[in-house]
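Single-structure report; data block below.
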Amino acid sequence: MHHLKRREEIVLAREYEANSEGFERGALVDGAAGSVHMGLGLCRLDDGHVETHVHSFEQSFFILEGEPTLYLDGRGVSLMPGACGVVPVGVPHAWRLDDGNATWIDMMAPQPRRAGEGQADTFFLGAAPSEPPSPLDVRDPRNRNLFRLDEWQMDVDELKVGASVDQPTVSASMATALLAYSGIAVKMLVDQRLDAHLHTMFMVQYQETGMALPHDHPFEESYYMLEGEVDVVADEERYTLRPGDVFWTGVGCIHAFYNTRGNGVRWLETSAPGPPDRHSYRFNRDWDYLVGRLASEKDLEKSTT
């Protein structure tokens with residue numbers, strides 16, 4: 001099972017009307033798309049706030065535009081494009097932006113309950129704080145749930161060079177690691193390192209010849225397109241994804257990506273539940289290879305009897 005939502009189909013609407021001002025959200029992936037594990041959305045805040053609240057689910061975010069303030073567990077932090085993080089289950093938080101507007105992607109796991117379906121999963125505690133925030137400092141251990149993706153962190157050549165002690169970013173470690181293979185670069189943003197346990201969020205970048213051959217997973221995935229165009233094949237149907245489009249694949253959906261236009265491609269990807277330690281990918285070609293090996297062994301056995 002898979003689902004495609006074009007940019008022009010995304011509609012934002014008031015969210016938390018009784019407890020927010022200037023806040024809108026549009027669903028990108030939810031139960032209506034066929035998902036059972038994730039709630040992905042596009043959020044916008046215009047000169048307003050979302051009051052202090054807690055969720056019974058885990059929530060991550062990635063800032064696309066603007067500089068909203070996140071008050072997380074009593075501390076206000078000013079964010080900027082590329083900033084991301086996770087709000088753990090049950091941790092009080094609020095949003096505020098007193099001038100301008102901001103947009104971000106949010107991801108919720110497990111999937112939020114629909115209105116009127118059993119017990120509530122979001123609980124408001126009081127007004128949004130108004131204290132001046134601090135700039136996001138990812139080297140400050142108190143910001144352990146937050147991170148920022150800088151452009152150089154997606155550049156393999158940049159990461160080959162040693163970082164100076166006073167470089168204004170997280171110290172060089174697995175936190176700065178970039179996975180590169182088959183013309184694809186993958187940078188983890190939100191996972192257990194930031195105290196996320198129910199899902200992951202990461203950035204994917206394709207070079208001009210990048211491709212991912214047919215495979216599936218024991219979890220759901222979403223892909224929010226940021227740059228370039230890429231072809232995706234899912235359940236034997238082919239689509240071209242463009243900036244602002246969102247695609248989703250369910251558990252067991254065989255899918256593949258091909259960069260056929262020779263341009264750079266980048267998207268924000270999430271997975272829920274979080275991938276297992278082993279067997280998170282099942283590539284068709286590996287099992288096709290086994291079929292060939294078994295046939296060859298059977299033919300050899302016949303020829304020797």
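Please note that chains go A, B, ... in the order of the structure tokens, that every chain numbers its residues from 1, and that ligands are numbered from 1 in the order shown.
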
Which neighbours of range 88-93 of chain A fall inside 7 Å, counting only C-alpha atoms, when residues of the same chain fewer than 6 positions from it are skipped, and could you give them as number ranges by chain?
A: 52-59, 71-73, 195-196

For range 9-23 of chain A, work out the shell of residues within 9 Å, counting only C-alpha atoms and skipping chain neighbours fewer than 6 positions away, then give it as a VMD selection string.
chain A and resid 42 to 52 124 126 to 128 244 to 245

For N, CA, C and O atoms, I'd like the residues from the last selection saved as a JSON list (two decimals), in the first residue's frame.
[["chain", "number", "residue", "atom", "x", "y", "z"],
["A", 42, "LEU", "N", 2.03, 19.30, 7.97],
["A", 42, "LEU", "CA", 2.69, 20.56, 7.65],
["A", 42, "LEU", "C", 2.06, 21.62, 8.53],
["A", 42, "LEU", "O", 0.84, 21.83, 8.51],
["A", 43, "CYS", "N", 2.88, 22.31, 9.34],
["A", 43, "CYS", "CA", 2.40, 23.28, 10.32],
["A", 43, "CYS", "C", 2.80, 24.70, 9.92],
["A", 43, "CYS", "O", 3.87, 24.91, 9.32],
["A", 44, "ARG", "N", 1.97, 25.66, 10.29],
["A", 44, "ARG", "CA", 2.26, 27.06, 10.03],
["A", 44, "ARG", "C", 1.81, 27.89, 11.23],
["A", 44, "ARG", "O", 0.71, 27.69, 11.76],
["A", 45, "LEU", "N", 2.68, 28.81, 11.66],
["A", 45, "LEU", "CA", 2.36, 29.70, 12.77],
["A", 45, "LEU", "C", 2.56, 31.14, 12.32],
["A", 45, "LEU", "O", 3.65, 31.51, 11.88],
["A", 46, "ASP", "N", 1.49, 31.94, 12.40],
["A", 46, "ASP", "CA", 1.52, 33.35, 11.99],
["A", 46, "ASP", "C", 1.26, 34.23, 13.21],
["A", 46, "ASP", "O", 0.14, 34.26, 13.72],
["A", 47, "ASP", "N", 2.28, 34.98, 13.64],
["A", 47, "ASP", "CA", 2.11, 35.93, 14.74],
["A", 47, "ASP", "C", 1.21, 35.37, 15.84],
["A", 47, "ASP", "O", 0.18, 35.94, 16.19],
["A", 48, "GLY", "N", 1.58, 34.24, 16.39],
["A", 48, "GLY", "CA", 0.71, 33.62, 17.37],
["A", 48, "GLY", "C", 1.43, 32.66, 18.28],
["A", 48, "GLY", "O", 2.65, 32.74, 18.48],
["A", 49, "HIS", "N", 0.69, 31.66, 18.81],
["A", 49, "HIS", "CA", 1.24, 30.75, 19.79],
["A", 49, "HIS", "C", 0.38, 29.49, 19.87],
["A", 49, "HIS", "O", -0.76, 29.46, 19.40],
["A", 50, "VAL", "N", 0.97, 28.46, 20.46],
["A", 50, "VAL", "CA", 0.23, 27.27, 20.88],
["A", 50, "VAL", "C", 0.51, 27.11, 22.37],
["A", 50, "VAL", "O", 1.67, 27.09, 22.80],
["A", 51, "GLU", "N", -0.55, 27.03, 23.17],
["A", 51, "GLU", "CA", -0.39, 26.99, 24.61],
["A", 51, "GLU", "C", 0.37, 25.75, 25.08],
["A", 51, "GLU", "O", 0.50, 24.76, 24.36],
["A", 52, "THR", "N", 0.86, 25.81, 26.31],
["A", 52, "THR", "CA", 1.62, 24.71, 26.89],
["A", 52, "THR", "C", 0.75, 23.44, 26.97],
["A", 52, "THR", "O", -0.38, 23.49, 27.45],
["A", 124, "PHE", "N", -3.84, 20.23, 27.49],
["A", 124, "PHE", "CA", -3.32, 21.59, 27.65],
["A", 124, "PHE", "C", -3.19, 21.93, 29.14],
["A", 124, "PHE", "O", -4.06, 21.61, 29.94],
["A", 126, "GLY", "N", -1.77, 25.25, 30.27],
["A", 126, "GLY", "CA", -1.78, 26.67, 30.60],
["A", 126, "GLY", "C", -1.28, 27.51, 29.45],
["A", 126, "GLY", "O", -1.02, 27.01, 28.35],
["A", 127, "ALA", "N", -1.13, 28.79, 29.71],
["A", 127, "ALA", "CA", -0.72, 29.73, 28.67],
["A", 127, "ALA", "C", 0.69, 29.44, 28.17],
["A", 127, "ALA", "O", 1.52, 28.85, 28.88],
["A", 128, "ALA", "N", 0.96, 29.87, 26.94],
["A", 128, "ALA", "CA", 2.31, 29.75, 26.39],
["A", 128, "ALA", "C", 3.22, 30.75, 27.08],
["A", 128, "ALA", "O", 2.83, 31.91, 27.28],
["A", 244, "GLY", "N", 7.52, 19.78, -2.33],
["A", 244, "GLY", "CA", 6.21, 20.00, -1.73],
["A", 244, "GLY", "C", 5.30, 18.78, -1.76],
["A", 244, "GLY", "O", 4.30, 18.73, -1.04],
["A", 245, "ASP", "N", 5.63, 17.77, -2.59],
["A", 245, "ASP", "CA", 4.87, 16.53, -2.61],
["A", 245, "ASP", "C", 5.26, 15.66, -1.42],
["A", 245, "ASP", "O", 6.38, 15.74, -0.91]]

Calculated over only C-alpha atoms, which of the candidates A:Asp106, A:Glu220, A:Glu24, A:Asp99 has the smallest distance to Cys253 in chain A?
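With only C-alpha atoms as the atom set, the closest residue is A:Glu220.
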
DSSP strand (DSSP E or B) selection over range 53-223 of chain A, as a ChimeraX atom specification:
/A:53-55,58-65,69-72,75-78,83-87,93-109,122-126,134-135,146-148,179-181,184-190,200-206,211-216,220-223

Mind writing the picked residues with C-alpha atoms as a PDB file, in the first residue's frame?
ATOM      1  CA  HIS A  53       0.549  21.088  26.458  1.00  0.00           C
ATOM      2  CA  VAL A  54       1.644  17.464  26.600  1.00  0.00           C
ATOM      3  CA  HIS A  55       1.023  14.512  24.280  1.00  0.00           C
ATOM      4  CA  GLU A  58       6.107  11.192  20.593  1.00  0.00           C
ATOM      5  CA  GLN A  59       6.478  14.217  18.310  1.00  0.00           C
ATOM      6  CA  SER A  60       9.372  15.425  16.179  1.00  0.00           C
ATOM      7  CA  PHE A  61       9.727  18.476  13.939  1.00  0.00           C
ATOM      8  CA  PHE A  62      11.898  19.997  11.208  1.00  0.00           C
ATOM      9  CA  ILE A  63      11.788  23.764  10.611  1.00  0.00           C
ATOM     10  CA  LEU A  64      11.347  24.722   6.947  1.00  0.00           C
ATOM     11  CA  GLU A  65      10.939  28.519   7.195  1.00  0.00           C
ATOM     12  CA  THR A  69      10.338  29.700  19.592  1.00  0.00           C
ATOM     13  CA  LEU A  70       9.857  26.290  21.175  1.00  0.00           C
ATOM     14  CA  TYR A  71       9.386  26.221  24.941  1.00  0.00           C
ATOM     15  CA  LEU A  72      10.404  22.696  25.853  1.00  0.00           C
ATOM     16  CA  ARG A  75      13.182  26.445  28.492  1.00  0.00           C
ATOM     17  CA  GLY A  76      12.620  28.696  25.476  1.00  0.00           C
ATOM     18  CA  VAL A  77      14.820  28.118  22.425  1.00  0.00           C
ATOM     19  CA  SER A  78      14.768  30.174  19.239  1.00  0.00           C
ATOM     20  CA  ALA A  83      16.512  23.027  13.282  1.00  0.00           C
ATOM     21  CA  CYS A  84      14.869  19.795  14.366  1.00  0.00           C
ATOM     22  CA  GLY A  85      14.194  17.773  17.458  1.00  0.00           C
ATOM     23  CA  VAL A  86      11.858  15.561  19.411  1.00  0.00           C
ATOM     24  CA  VAL A  87       9.305  16.259  22.125  1.00  0.00           C
ATOM     25  CA  HIS A  93       5.963  22.291  25.457  1.00  0.00           C
ATOM     26  CA  ALA A  94       4.575  25.356  23.692  1.00  0.00           C
ATOM     27  CA  TRP A  95       5.197  27.369  20.521  1.00  0.00           C
ATOM     28  CA  ARG A  96       5.358  31.137  20.036  1.00  0.00           C
ATOM     29  CA  LEU A  97       6.152  33.538  17.194  1.00  0.00           C
ATOM     30  CA  ASP A  98       5.382  37.191  17.869  1.00  0.00           C
ATOM     31  CA  ASP A  99       6.455  38.575  14.493  1.00  0.00           C
ATOM     32  CA  GLY A 100       6.296  36.949  11.058  1.00  0.00           C
ATOM     33  CA  ASN A 101       5.467  33.373  10.179  1.00  0.00           C
ATOM     34  CA  ALA A 102       7.071  29.964  10.282  1.00  0.00           C
ATOM     35  CA  THR A 103       6.421  26.560   8.748  1.00  0.00           C
ATOM     36  CA  TRP A 104       7.615  23.137   9.816  1.00  0.00           C
ATOM     37  CA  ILE A 105       6.998  19.448   9.346  1.00  0.00           C
ATOM     38  CA  ASP A 106       5.804  17.534  12.398  1.00  0.00           C
ATOM     39  CA  MET A 107       5.720  13.792  12.913  1.00  0.00           C
ATOM     40  CA  MET A 108       3.728  11.988  15.588  1.00  0.00           C
ATOM     41  CA  ALA A 109       4.103   8.348  16.643  1.00  0.00           C
ATOM     42  CA  THR A 122      -3.287  15.942  23.917  1.00  0.00           C
ATOM     43  CA  PHE A 123      -3.695  17.806  27.216  1.00  0.00           C
ATOM     44  CA  PHE A 124      -3.320  21.589  27.655  1.00  0.00           C
ATOM     45  CA  LEU A 125      -1.713  22.864  30.850  1.00  0.00           C
ATOM     46  CA  GLY A 126      -1.782  26.670  30.601  1.00  0.00           C
ATOM     47  CA  SER A 134      17.911  31.600  23.992  1.00  0.00           C
ATOM     48  CA  PRO A 135      19.502  30.853  20.601  1.00  0.00           C
ATOM     49  CA  LEU A 146      17.321  19.357  19.703  1.00  0.00           C
ATOM     50  CA  PHE A 147      19.625  19.429  16.680  1.00  0.00           C
ATOM     51  CA  ARG A 148      20.301  21.529  13.603  1.00  0.00           C
ATOM     52  CA  LEU A 179      25.928   7.410   5.558  1.00  0.00           C
ATOM     53  CA  ALA A 180      26.832   7.417   1.850  1.00  0.00           C
ATOM     54  CA  TYR A 181      26.149   4.618  -0.655  1.00  0.00           C
ATOM     55  CA  ILE A 184      22.747   8.399  -1.777  1.00  0.00           C
ATOM     56  CA  ALA A 185      23.617  10.330   1.386  1.00  0.00           C
ATOM     57  CA  VAL A 186      21.587   9.783   4.566  1.00  0.00           C
ATOM     58  CA  LYS A 187      21.879  12.017   7.640  1.00  0.00           C
ATOM     59  CA  MET A 188      20.069  10.931  10.789  1.00  0.00           C
ATOM     60  CA  LEU A 189      18.249  13.796  12.518  1.00  0.00           C
ATOM     61  CA  VAL A 190      15.934  12.322  15.149  1.00  0.00           C
ATOM     62  CA  THR A 200      13.017   8.241  13.292  1.00  0.00           C
ATOM     63  CA  MET A 201      13.486  11.293  11.074  1.00  0.00           C
ATOM     64  CA  PHE A 202      16.353  11.774   8.631  1.00  0.00           C
ATOM     65  CA  MET A 203      17.480  13.689   5.538  1.00  0.00           C
ATOM     66  CA  VAL A 204      18.061  11.881   2.243  1.00  0.00           C
ATOM     67  CA  GLN A 205      20.055  13.342  -0.653  1.00  0.00           C
ATOM     68  CA  TYR A 206      20.514  11.761  -4.092  1.00  0.00           C
ATOM     69  CA  MET A 211      19.026   5.029  -6.971  1.00  0.00           C
ATOM     70  CA  ALA A 212      17.518   2.619  -4.453  1.00  0.00           C
ATOM     71  CA  LEU A 213      16.519  -0.710  -5.999  1.00  0.00           C
ATOM     72  CA  PRO A 214      13.183  -2.422  -5.200  1.00  0.00           C
ATOM     73  CA  HIS A 215      12.808  -3.257  -1.508  1.00  0.00           C
ATOM     74  CA  ASP A 216      10.357  -3.132   1.372  1.00  0.00           C
ATOM     75  CA  GLU A 220       6.018   2.628   7.390  1.00  0.00           C
ATOM     76  CA  GLU A 221       7.953   5.433   5.670  1.00  0.00           C
ATOM     77  CA  SER A 222       7.082   8.949   4.533  1.00  0.00           C
ATOM     78  CA  TYR A 223       9.017  11.225   2.161  1.00  0.00           C
TER      79      TYR A 223
END

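Going from CA of His279 in chain A over to CA of Leu4 in chain A, you cover 25.9 Å.
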
Backbone-only DSSP, alpha helix (DSSP H) members of range 12-244 of chain A, as a PyMOL selection string:
chain A and resi 156-159
